[in-house]
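Chemist: My structure is in input-v1.tsv, and what it holds is TSV, C-alpha atoms:
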chain	number	residue	atom	x	y	z
U	1	VAL	CA	-19.61	65.19	-149.59
U	2	PRO	CA	-22.72	65.33	-147.47
U	3	ARG	CA	-22.35	67.17	-144.19
U	4	LEU	CA	-23.21	65.50	-140.95
U	5	HIS	CA	-25.22	67.77	-138.65
U	6	LEU	CA	-24.89	66.95	-134.99
U	7	GLY	CA	-27.06	68.96	-132.66
U	8	CYS	CA	-30.08	68.92	-130.50
U	9	ASN	CA	-33.44	70.49	-130.36
U	10	MET	CA	-32.97	73.98	-128.85
U	11	SER	CA	-36.47	73.85	-127.47
U	12	SER	CA	-35.89	70.63	-125.53
U	13	PRO	CA	-36.36	70.74	-121.72
U	14	VAL	CA	-32.71	69.85	-121.10
U	15	VAL	CA	-31.42	72.75	-123.17
U	16	GLN	CA	-33.85	75.14	-121.56
U	17	LEU	CA	-32.78	73.95	-118.13
U	18	VAL	CA	-29.10	74.46	-118.93
U	19	ARG	CA	-29.80	77.89	-120.39
U	20	GLY	CA	-31.83	78.85	-117.30
U	21	GLY	CA	-29.08	77.65	-114.97
U	22	ARG	CA	-26.51	79.68	-116.89
U	23	ILE	CA	-28.65	82.81	-116.61
U	24	LEU	CA	-29.12	82.24	-112.87
U	25	GLY	CA	-25.36	81.77	-112.48
U	26	TYR	CA	-24.67	85.07	-114.25
U	27	ALA	CA	-27.31	86.83	-112.16
U	28	TYR	CA	-25.86	85.45	-108.91
U	29	ALA	CA	-22.33	86.50	-109.95
U	30	VAL	CA	-23.61	90.03	-110.63
U	31	TYR	CA	-25.38	90.02	-107.26
U	32	LEU	CA	-22.22	88.97	-105.42
U	33	ALA	CA	-20.15	91.57	-107.26
U	34	ALA	CA	-22.70	94.24	-106.37
U	35	ARG	CA	-22.63	93.23	-102.70
U	36	VAL	CA	-18.83	93.28	-102.60
U	37	LEU	CA	-18.78	96.68	-104.30
U	38	ARG	CA	-21.44	98.07	-101.98
U	39	GLY	CA	-19.63	96.69	-98.93
U	40	GLY	CA	-16.36	98.23	-100.07
U	41	VAL	CA	-17.94	101.64	-100.69
U	42	LEU	CA	-19.71	101.58	-97.30
U	43	PHE	CA	-16.53	100.48	-95.53
U	44	VAL	CA	-14.48	103.31	-97.06
U	45	ARG	CA	-17.23	105.86	-96.42
U	46	ASN	CA	-17.79	104.78	-92.82
U	47	HIS	CA	-14.08	104.59	-92.14
U	48	TYR	CA	-13.63	108.12	-93.46
U	49	LEU	CA	-16.59	109.55	-91.53
U	50	LEU	CA	-15.84	107.76	-88.26
U	51	SER	CA	-12.15	108.70	-88.44
U	52	LYS	CA	-13.24	112.30	-87.81
U	53	ILE	CA	-14.62	111.33	-84.37
U	54	PRO	CA	-12.03	111.59	-81.57
U	55	GLY	CA	-10.94	108.42	-79.84
U	56	PRO	CA	-8.02	106.38	-78.54
U	57	PRO	CA	-5.36	105.26	-81.02
U	58	ALA	CA	-5.41	101.57	-81.89
U	59	LYS	CA	-2.48	99.83	-80.21
U	60	ASP	CA	-2.74	96.70	-82.36
U	61	LEU	CA	-3.02	96.58	-86.14
U	62	PHE	CA	-5.32	93.55	-86.12
U	63	LEU	CA	-7.09	93.76	-82.75
U	64	GLY	CA	-7.44	97.53	-82.54
U	65	ASN	CA	-8.39	98.44	-78.95
U	66	LEU	CA	-9.64	94.94	-78.11
U	67	ARG	CA	-6.66	94.11	-75.92
U	68	ASP	CA	-7.39	97.04	-73.59
U	69	ILE	CA	-11.03	95.92	-73.23
U	70	ALA	CA	-10.03	92.34	-72.45
U	71	ASN	CA	-7.16	93.02	-70.05
U	72	ASP	CA	-8.46	96.00	-68.07
U	73	PRO	CA	-11.25	95.76	-65.46
U	74	PRO	CA	-14.79	95.94	-66.93
U	75	GLY	CA	-15.72	99.47	-67.96
U	76	LYS	CA	-12.35	101.02	-67.11
U	77	PRO	CA	-11.17	101.51	-70.75
U	78	PHE	CA	-14.44	103.21	-71.72
U	79	LEU	CA	-14.33	105.51	-68.68
U	80	LYS	CA	-10.73	106.41	-69.48
U	81	TRP	CA	-11.53	107.07	-73.15
U	82	ALA	CA	-14.62	109.11	-72.26
U	83	MET	CA	-12.55	111.33	-69.96
U	84	ALA	CA	-9.80	111.77	-72.55
U	85	HIS	CA	-11.76	111.96	-75.83
U	86	GLY	CA	-15.46	112.36	-75.00
U	87	GLN	CA	-15.63	116.06	-74.22
U	88	GLU	CA	-18.16	116.49	-77.04
U	89	GLY	CA	-20.33	113.62	-75.81
U	90	ILE	CA	-19.04	111.06	-78.31
U	91	PHE	CA	-15.89	109.06	-79.01
U	92	CYS	CA	-14.87	106.19	-81.27
U	93	TYR	CA	-12.67	103.11	-80.81
U	94	ARG	CA	-11.73	100.19	-83.06
U	95	MET	CA	-12.79	96.58	-82.50
U	96	MET	CA	-10.63	94.59	-84.92
U	97	HIS	CA	-11.66	95.92	-88.37
U	98	LYS	CA	-14.77	97.81	-87.22
U	99	ARG	CA	-15.03	101.21	-85.61
U	100	LYS	CA	-17.47	101.51	-82.70
U	101	VAL	CA	-19.10	104.74	-81.61
U	102	VAL	CA	-19.84	105.43	-77.93
U	103	ILE	CA	-22.25	108.22	-76.94
U	104	THR	CA	-21.90	109.82	-73.51
U	105	ASP	CA	-24.22	112.80	-73.87
U	106	PRO	CA	-27.48	112.08	-71.94
U	107	SER	CA	-29.75	113.81	-74.47
U	108	GLU	CA	-28.25	111.86	-77.37
U	109	ILE	CA	-28.45	108.60	-75.42
U	110	ARG	CA	-32.16	109.25	-74.88
U	111	LYS	CA	-32.65	109.65	-78.63
U	112	VAL	CA	-30.91	106.33	-79.37
U	113	LEU	CA	-32.63	104.29	-76.66
U	114	ILE	CA	-36.06	105.91	-76.33
U	115	SER	CA	-37.28	108.67	-78.62
U	116	GLU	CA	-35.70	107.73	-81.98
U	117	THR	CA	-35.10	103.98	-81.73
U	118	LYS	CA	-36.24	103.33	-85.32
U	119	SER	CA	-33.33	105.40	-86.60
U	120	PHE	CA	-30.84	103.36	-84.56
U	121	PRO	CA	-31.53	99.62	-85.07
U	122	LYS	CA	-29.48	97.23	-82.99
U	123	PRO	CA	-26.58	95.61	-84.92
U	124	GLU	CA	-27.37	92.05	-86.03
U	125	ASN	CA	-23.95	90.53	-85.31
U	126	GLU	CA	-23.79	91.83	-81.74
U	127	MET	CA	-27.41	90.79	-81.15
U	128	ARG	CA	-26.65	87.21	-82.25
U	129	PHE	CA	-23.88	87.07	-79.65
U	130	LEU	CA	-26.02	88.60	-76.87
U	131	LYS	CA	-28.97	86.33	-77.67
U	132	LEU	CA	-26.80	83.30	-76.94
U	133	ILE	CA	-26.18	84.67	-73.43
U	134	LEU	CA	-29.30	86.69	-72.60
U	135	GLY	CA	-31.92	84.94	-74.70
U	136	SER	CA	-33.78	86.31	-77.69
U	137	LYS	CA	-36.75	87.79	-75.85
U	138	GLY	CA	-35.07	89.96	-73.21
U	139	LEU	CA	-35.02	93.75	-73.00
U	140	VAL	CA	-31.51	94.03	-74.42
U	141	CYS	CA	-32.24	92.05	-77.59
U	142	VAL	CA	-35.81	93.04	-78.56
U	143	GLN	CA	-36.65	96.15	-80.53
U	144	GLY	CA	-39.60	98.36	-81.41
U	145	ALA	CA	-42.93	97.86	-79.65
U	146	ASP	CA	-41.65	94.83	-77.70
U	147	HIS	CA	-38.79	96.88	-76.27
U	148	THR	CA	-41.13	99.72	-75.29
U	149	LYS	CA	-43.54	97.33	-73.57
U	150	GLN	CA	-40.81	95.51	-71.65
U	151	ARG	CA	-39.11	98.75	-70.65
U	152	ARG	CA	-42.35	100.05	-69.11
U	153	VAL	CA	-42.86	96.82	-67.16
U	154	ILE	CA	-39.26	96.58	-65.95
U	155	SER	CA	-39.10	100.24	-64.97
U	156	GLN	CA	-41.51	99.46	-62.12
U	157	ALA	CA	-38.89	97.20	-60.58
U	158	PHE	CA	-36.36	100.03	-60.42
U	159	LYS	CA	-38.48	102.44	-58.44
U	160	PHE	CA	-37.15	103.37	-55.01
U	161	GLU	CA	-39.84	101.38	-53.18
U	162	ALA	CA	-39.07	98.24	-55.19
U	163	LEU	CA	-35.31	98.60	-54.72
U	164	GLN	CA	-35.79	98.90	-50.97
U	165	GLY	CA	-37.39	95.47	-51.00
U	166	ILE	CA	-34.50	93.69	-52.73
U	167	PHE	CA	-31.65	95.66	-51.10
U	168	PRO	CA	-31.35	93.23	-48.15
U	169	ALA	CA	-30.77	90.31	-50.55
U	170	PHE	CA	-27.71	92.02	-52.05
U	171	THR	CA	-26.27	93.08	-48.70
U	172	LYS	CA	-26.75	89.53	-47.40
U	173	GLN	CA	-24.81	88.03	-50.31
U	174	ALA	CA	-22.08	90.68	-49.97
U	175	ASP	CA	-21.70	89.76	-46.29
U	176	ARG	CA	-21.43	86.08	-47.24
U	177	LEU	CA	-18.69	86.88	-49.74
U	178	ALA	CA	-16.78	88.97	-47.20
U	179	ALA	CA	-17.04	86.19	-44.61
U	180	LYS	CA	-15.76	83.63	-47.11
U	181	TRP	CA	-12.74	85.76	-47.97
U	182	GLU	CA	-12.00	86.46	-44.30
U	183	GLU	CA	-12.03	82.73	-43.61
U	184	ALA	CA	-9.70	82.10	-46.55
U	185	ALA	CA	-7.34	84.84	-45.31
U	186	ASP	CA	-7.25	83.35	-41.82
U	187	LYS	CA	-6.30	79.96	-43.27
U	188	GLY	CA	-3.72	81.46	-45.62
U	189	GLU	CA	-5.66	80.29	-48.67
U	190	VAL	CA	-6.00	82.06	-52.01
U	191	ALA	CA	-9.49	83.23	-53.01
U	192	CYS	CA	-10.48	83.18	-56.69
U	193	ALA	CA	-12.08	86.62	-56.94
U	194	ASP	CA	-13.51	86.37	-60.46
U	195	GLN	CA	-15.25	83.04	-59.77
U	196	ASP	CA	-16.57	84.27	-56.42
U	197	PHE	CA	-17.92	87.46	-57.98
U	198	ALA	CA	-19.76	85.42	-60.62
U	199	ALA	CA	-21.15	83.08	-57.97
U	200	VAL	CA	-22.31	85.83	-55.60
U	201	THR	CA	-23.96	87.65	-58.52
U	202	LEU	CA	-25.96	84.52	-59.37
U	203	ASP	CA	-26.97	84.01	-55.73
U	204	ALA	CA	-28.01	87.66	-55.32
U	205	LEU	CA	-30.10	87.61	-58.49
U	206	GLY	CA	-31.72	84.32	-57.52
U	207	GLU	CA	-32.75	85.55	-54.10
U	208	ALA	CA	-33.77	89.07	-55.14
U	209	ALA	CA	-35.70	88.13	-58.27
U	210	PHE	CA	-37.09	84.68	-57.45
U	211	GLY	CA	-36.54	84.06	-53.74
U	212	VAL	CA	-34.34	81.04	-54.58
U	213	ASP	CA	-30.93	80.25	-53.09
U	214	PHE	CA	-28.78	78.71	-55.82
U	215	GLY	CA	-25.85	78.16	-53.42
U	216	ALA	CA	-23.31	79.08	-56.07
U	217	LEU	CA	-20.98	80.82	-53.61
U	218	ASP	CA	-20.90	77.67	-51.47
U	219	GLY	CA	-20.00	75.59	-54.51
U	220	ARG	CA	-23.30	73.71	-54.54
U	221	GLU	CA	-23.52	71.63	-57.71
U	222	SER	CA	-26.57	72.45	-59.81
U	223	ASP	CA	-27.46	72.71	-63.48
U	224	ILE	CA	-28.20	76.42	-63.14
U	225	ARG	CA	-24.76	77.12	-61.61
U	226	LEU	CA	-22.86	75.12	-64.22
U	227	SER	CA	-24.84	76.77	-67.02
U	228	TYR	CA	-24.19	80.23	-65.63
U	229	LEU	CA	-20.44	79.61	-65.29
U	230	SER	CA	-20.25	78.19	-68.82
U	231	MET	CA	-21.90	81.33	-70.18
U	232	PHE	CA	-19.65	83.67	-68.18
U	233	PRO	CA	-16.34	81.80	-67.90
U	234	SER	CA	-13.54	83.21	-65.81
U	235	GLY	CA	-9.80	82.94	-66.24
U	236	GLY	CA	-8.03	81.89	-69.41
U	237	ASN	CA	-7.06	84.11	-72.31
U	238	GLN	CA	-9.74	86.80	-72.39
U	239	VAL	CA	-8.39	88.29	-75.63
U	240	LEU	CA	-8.59	84.92	-77.39
U	241	ARG	CA	-12.13	84.38	-76.05
U	242	LEU	CA	-13.30	87.79	-77.29
U	243	VAL	CA	-11.68	87.32	-80.70
U	244	THR	CA	-13.23	83.85	-81.07
U	245	SER	CA	-16.69	85.13	-80.15
U	246	TYR	CA	-16.32	88.05	-82.54
U	247	VAL	CA	-15.23	85.87	-85.48
U	248	LEU	CA	-18.01	83.34	-84.87
U	249	ASN	CA	-20.59	86.12	-84.96
U	250	GLN	CA	-19.13	87.66	-88.10
U	251	PHE	CA	-19.07	84.31	-89.93
U	252	GLN	CA	-22.10	82.28	-88.84
U	253	ALA	CA	-21.11	79.26	-90.93
U	254	LEU	CA	-18.11	78.65	-88.64
U	255	ALA	CA	-20.40	78.34	-85.62
U	256	LYS	CA	-22.07	75.30	-87.21
U	257	LEU	CA	-18.83	73.32	-87.49
U	258	PRO	CA	-18.63	70.30	-85.13
U	259	LEU	CA	-15.24	71.45	-83.83
U	260	ILE	CA	-16.63	74.78	-82.67
U	261	SER	CA	-18.24	73.95	-79.34
U	262	MET	CA	-18.52	77.45	-77.83
U	263	VAL	CA	-21.84	78.25	-79.50
U	264	GLN	CA	-23.33	74.84	-78.68
U	265	VAL	CA	-22.30	75.17	-75.01
U	266	GLN	CA	-23.86	78.62	-74.76
U	267	GLU	CA	-27.07	77.46	-76.44
U	268	ARG	CA	-27.42	74.49	-74.07
U	269	ALA	CA	-26.73	76.68	-71.05
U	270	ASN	CA	-29.29	79.20	-72.24
U	271	ARG	CA	-31.93	76.49	-72.55
U	272	VAL	CA	-31.20	75.23	-69.02
U	273	ILE	CA	-31.48	78.72	-67.52
U	274	ASP	CA	-34.69	79.46	-69.47
U	275	ARG	CA	-36.23	76.22	-68.23
U	276	ARG	CA	-35.19	76.85	-64.62
U	277	VAL	CA	-36.50	80.42	-64.64
U	278	MET	CA	-39.85	79.34	-66.08
U	279	GLU	CA	-40.13	76.64	-63.41
U	280	VAL	CA	-39.55	79.22	-60.68
U	281	VAL	CA	-42.05	81.63	-62.26
U	282	ALA	CA	-44.68	78.88	-62.50
U	283	SER	CA	-44.06	77.92	-58.87
U	284	ARG	CA	-44.47	81.53	-57.71
U	285	ARG	CA	-47.69	81.86	-59.68
U	286	GLU	CA	-49.11	78.79	-58.00
U	287	GLU	CA	-48.13	80.15	-54.60
U	288	ALA	CA	-49.79	83.48	-55.42
U	289	LYS	CA	-53.01	81.70	-56.44
U	290	GLY	CA	-52.97	79.77	-53.18
U	291	GLY	CA	-52.40	82.90	-51.12
U	292	LYS	CA	-48.88	81.86	-50.07
U	293	GLY	CA	-46.91	84.29	-52.23
U	294	ASN	CA	-45.91	87.80	-51.25
Show how you would write the structure in this file as structure tokens.

Modeler:
Amino acid sequence: VPRLHLGCNMSSPVVQLVRGGRILGYAYAVYLAARVLRGGVLFVRNHYLLSKIPGPPAKDLFLGNLRDIANDPPGKPFLKWAMAHGQEGIFCYRMMHKRKVVITDPSEIRKVLISETKSFPKPENEMRFLKLILGSKGLVCVQGADHTKQRRVISQAFKFEALQGIFPAFTKQADRLAAKWEEAADKGEVACADQDFAAVTLDALGEAAFGVDFGALDGRESDIRLSYLSMFPSGGNQVLRLVTSYVLNQFQALAKLPLISMVQVQERANRVIDRRVMEVVASRREEAKGGKGN
């Protein structure tokens, strides 16, 4: 009985394409397995090494020390931990599944920020979060030569002579805040401290840096005020806000979902503030050219 041979030409383009796709699939699977293995080894190694550094015990299995950071006044947990565990100039705390190292020794801080910056690159996840708020070209987010150049320029603004010039702007805004609270106390009203602190900070920065009164403390409606408040919201569940921001930065794909509006709001607010700042800078340059600026 004659045999019927069913097959195809192994050298045909279709077969070659299928074979190539299969090889690519195997290679990608090996790549993923290698990344998972590498991540696991690094996680165990880092966890073991960082566990040797003194620090506060994690009060929450999932959140670590995040609840203390969210509920306590800004900076208070770190000051408390530094006093209790930072006698050697370093301590460690846990932010959900990651351990964070804090350096308090001035000589070591200088190495990280100035003399040995190449050995201490800024973490990508945290930088993505800060860039949404501070922009991608500011001193906090840039690295290398750009950071060195900006630091030299900005350092001129923090000399004693320069600070003397802007000091009246801050005292003026502080007096306005005190007067507002005194008026509220006389009327028996409740003052929203966190919102007022955010507003007076914006007004002080506007007057000191650009000579512009944003009127945020007076409740004046403006795009710059609304953008600022959306980037630094007050009230609500601070723990939930921090956890959401952290998860979105760990998993960038989630930030692109239509239901996740936090990132989109921050990006729009950042664009508004960038545009407003550039308008003020351009206006001051024109005044300087015309001899009107100081």

Chemist: Quick one: residues within 8 Å of range 144-150 of chain U, all atoms listed in the file, excluding same-chain residues fewer than 4 positions away - as a PyMOL selection string?

Modeler: chain U and resi 117-118+139+154

Chemist: Find the spatial neighbours of Gly55 in chain U, counting only C-alpha atoms, within a cut-off of 12 Å - ignore same-chain residues fewer than 4 positions away - and output them as a VMD selection string.

Modeler: chain U and resid 50 to 51 64 to 65 77 to 78 80 to 94 99 to 103

Chemist: Given all atoms listed in the file as the basis, pick out the residue of U:Ala185, U:Leu32, U:Ala204, U:Leu49 nearest to Phe167 in chain U.

Modeler: U:Ala204

Chemist: Between CA of Gly165 in chain U and CA of Arg284 in chain U, what is the distance in Å, rounded to a tenth?

Modeler: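 Between CA of Gly165 in chain U and CA of Arg284 in chain U the gap is 17.0 Å.
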
Chemist: With only C-alpha atoms as the basis for distance, which of U:Ala269, U:Leu79, U:Met127, U:Val277 is at the shortest distance from Pro56 in chain U?

Modeler: U:Leu79

Chemist: Can you list, as a list in words, every protein, DNA or RNA residue that comes within 12 Å of range 188-193 of chain U when you count all atoms listed in the file, leaving out same-chain residues fewer than 6 positions away?

Modeler: Leu177, Ala178, Ala179, Lys180, Trp181, Glu182, Ala199, Val200, Leu217, Ser234 and Gly235 of chain U

Chemist: What is the CA of Phe170 in chain U to CA of Leu202 in chain U distance in Å?

Modeler: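 Between CA of Phe170 in chain U and CA of Leu202 in chain U the gap is 10.6 Å.
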
Chemist: What is the distance between CA of Phe160 in chain U and CA of Ala198 in chain U, in Å to one decimal?

Modeler: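 Distance reported for this atom pair: 25.6 Å.
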
Chemist: Give me, as a CSV table (one decimal) with C-alpha atoms, keeping the file's coordinate frame, all polymer residues having an atom no more than 12 Å from Thr201 in chain U, counting only C-alpha atoms and skipping those fewer than 6 positions away in the same chain.

Modeler:
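File written: around30.csv
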chain,number,residue,atom,x,y,z
U,169,ALA,CA,-30.8,90.3,-50.6
U,170,PHE,CA,-27.7,92.0,-52.0
U,171,THR,CA,-26.3,93.1,-48.7
U,172,LYS,CA,-26.8,89.5,-47.4
U,173,GLN,CA,-24.8,88.0,-50.3
U,174,ALA,CA,-22.1,90.7,-50.0
U,176,ARG,CA,-21.4,86.1,-47.2
U,177,LEU,CA,-18.7,86.9,-49.7
U,194,ASP,CA,-13.5,86.4,-60.5
U,195,GLN,CA,-15.2,83.0,-59.8
U,207,GLU,CA,-32.8,85.6,-54.1
U,208,ALA,CA,-33.8,89.1,-55.1
U,209,ALA,CA,-35.7,88.1,-58.3
U,213,ASP,CA,-30.9,80.2,-53.1
U,214,PHE,CA,-28.8,78.7,-55.8
U,215,GLY,CA,-25.8,78.2,-53.4
U,216,ALA,CA,-23.3,79.1,-56.1
U,217,LEU,CA,-21.0,80.8,-53.6
U,225,ARG,CA,-24.8,77.1,-61.6
U,228,TYR,CA,-24.2,80.2,-65.6
U,229,LEU,CA,-20.4,79.6,-65.3
U,232,PHE,CA,-19.6,83.7,-68.2

Chemist: Given all atoms listed in the file as the basis, pick out the residue of U:Arg276, U:Arg67, U:His97, U:Arg22 nearest to Phe210 in chain U.

Modeler: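 Looking at the shortest contact to Phe210 in chain U, the residue is U:Arg276.
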
Chemist: Using the partial input, fill out range 155-176 of chain U with N, CA and C atoms; write the result as a PDB file, in the frame of the given file.

Modeler:
ATOM      1  N   SER U 155     -39.370  98.993 -65.684  1.00  0.00           N
ATOM      2  CA  SER U 155     -39.100 100.240 -64.970  1.00  0.00           C
ATOM      3  C   SER U 155     -39.757 100.263 -63.598  1.00  0.00           C
ATOM      4  N   GLN U 156     -40.859  99.518 -63.431  1.00  0.00           N
ATOM      5  CA  GLN U 156     -41.510  99.460 -62.120  1.00  0.00           C
ATOM      6  C   GLN U 156     -40.615  98.807 -61.072  1.00  0.00           C
ATOM      7  N   ALA U 157     -39.768  97.894 -61.529  1.00  0.00           N
ATOM      8  CA  ALA U 157     -38.890  97.200 -60.580  1.00  0.00           C
ATOM      9  C   ALA U 157     -37.727  98.056 -60.116  1.00  0.00           C
ATOM     10  N   PHE U 158     -37.484  99.181 -60.787  1.00  0.00           N
ATOM     11  CA  PHE U 158     -36.360 100.030 -60.420  1.00  0.00           C
ATOM     12  C   PHE U 158     -36.798 101.294 -59.696  1.00  0.00           C
ATOM     13  N   LYS U 159     -38.050 101.339 -59.288  1.00  0.00           N
ATOM     14  CA  LYS U 159     -38.480 102.440 -58.440  1.00  0.00           C
ATOM     15  C   LYS U 159     -37.896 102.270 -57.049  1.00  0.00           C
ATOM     16  N   PHE U 160     -37.819 103.379 -56.309  1.00  0.00           N
ATOM     17  CA  PHE U 160     -37.150 103.370 -55.010  1.00  0.00           C
ATOM     18  C   PHE U 160     -37.812 102.363 -54.057  1.00  0.00           C
ATOM     19  N   GLU U 161     -39.140 102.305 -54.083  1.00  0.00           N
ATOM     20  CA  GLU U 161     -39.840 101.380 -53.180  1.00  0.00           C
ATOM     21  C   GLU U 161     -39.490  99.939 -53.492  1.00  0.00           C
ATOM     22  N   ALA U 162     -39.406  99.606 -54.803  1.00  0.00           N
ATOM     23  CA  ALA U 162     -39.070  98.240 -55.190  1.00  0.00           C
ATOM     24  C   ALA U 162     -37.627  97.892 -54.838  1.00  0.00           C
ATOM     25  N   LEU U 163     -36.716  98.844 -55.039  1.00  0.00           N
ATOM     26  CA  LEU U 163     -35.310  98.600 -54.720  1.00  0.00           C
ATOM     27  C   LEU U 163     -35.094  98.408 -53.227  1.00  0.00           C
ATOM     28  N   GLN U 164     -35.899  99.093 -52.411  1.00  0.00           N
ATOM     29  CA  GLN U 164     -35.790  98.900 -50.970  1.00  0.00           C
ATOM     30  C   GLN U 164     -36.095  97.461 -50.577  1.00  0.00           C
ATOM     31  N   GLY U 165     -37.007  96.836 -51.330  1.00  0.00           N
ATOM     32  CA  GLY U 165     -37.390  95.470 -51.000  1.00  0.00           C
ATOM     33  C   GLY U 165     -36.317  94.445 -51.302  1.00  0.00           C
ATOM     34  N   ILE U 166     -35.518  94.673 -52.341  1.00  0.00           N
ATOM     35  CA  ILE U 166     -34.500  93.690 -52.730  1.00  0.00           C
ATOM     36  C   ILE U 166     -33.116  94.047 -52.187  1.00  0.00           C
ATOM     37  N   PHE U 167     -32.962  95.234 -51.611  1.00  0.00           N
ATOM     38  CA  PHE U 167     -31.650  95.660 -51.100  1.00  0.00           C
ATOM     39  C   PHE U 167     -31.090  94.684 -50.071  1.00  0.00           C
ATOM     40  N   PRO U 168     -31.903  94.168 -49.137  1.00  0.00           N
ATOM     41  CA  PRO U 168     -31.350  93.230 -48.150  1.00  0.00           C
ATOM     42  C   PRO U 168     -30.748  91.970 -48.770  1.00  0.00           C
ATOM     43  N   ALA U 169     -31.309  91.522 -49.901  1.00  0.00           N
ATOM     44  CA  ALA U 169     -30.770  90.310 -50.550  1.00  0.00           C
ATOM     45  C   ALA U 169     -29.341  90.550 -51.025  1.00  0.00           C
ATOM     46  N   PHE U 170     -29.052  91.727 -51.551  1.00  0.00           N
ATOM     47  CA  PHE U 170     -27.710  92.020 -52.050  1.00  0.00           C
ATOM     48  C   PHE U 170     -26.729  92.220 -50.897  1.00  0.00           C
ATOM     49  N   THR U 171     -27.165  92.898 -49.846  1.00  0.00           N
ATOM     50  CA  THR U 171     -26.270  93.080 -48.700  1.00  0.00           C
ATOM     51  C   THR U 171     -25.964  91.738 -48.022  1.00  0.00           C
ATOM     52  N   LYS U 172     -26.960  90.853 -47.995  1.00  0.00           N
ATOM     53  CA  LYS U 172     -26.750  89.530 -47.400  1.00  0.00           C
ATOM     54  C   LYS U 172     -25.690  88.755 -48.168  1.00  0.00           C
ATOM     55  N   GLN U 173     -25.783  88.758 -49.498  1.00  0.00           N
ATOM     56  CA  GLN U 173     -24.810  88.030 -50.310  1.00  0.00           C
ATOM     57  C   GLN U 173     -23.429  88.665 -50.216  1.00  0.00           C
ATOM     58  N   ALA U 174     -23.375  90.006 -50.125  1.00  0.00           N
ATOM     59  CA  ALA U 174     -22.080  90.680 -49.970  1.00  0.00           C
ATOM     60  C   ALA U 174     -21.431  90.299 -48.646  1.00  0.00           C
ATOM     61  N   ASP U 175     -22.228  90.185 -47.595  1.00  0.00           N
ATOM     62  CA  ASP U 175     -21.700  89.760 -46.290  1.00  0.00           C
ATOM     63  C   ASP U 175     -21.181  88.328 -46.360  1.00  0.00           C
ATOM     64  N   ARG U 176     -21.885  87.465 -47.087  1.00  0.00           N
ATOM     65  CA  ARG U 176     -21.430  86.080 -47.240  1.00  0.00           C
ATOM     66  C   ARG U 176     -20.084  86.025 -47.961  1.00  0.00           C
TER      67      ARG U 176
END
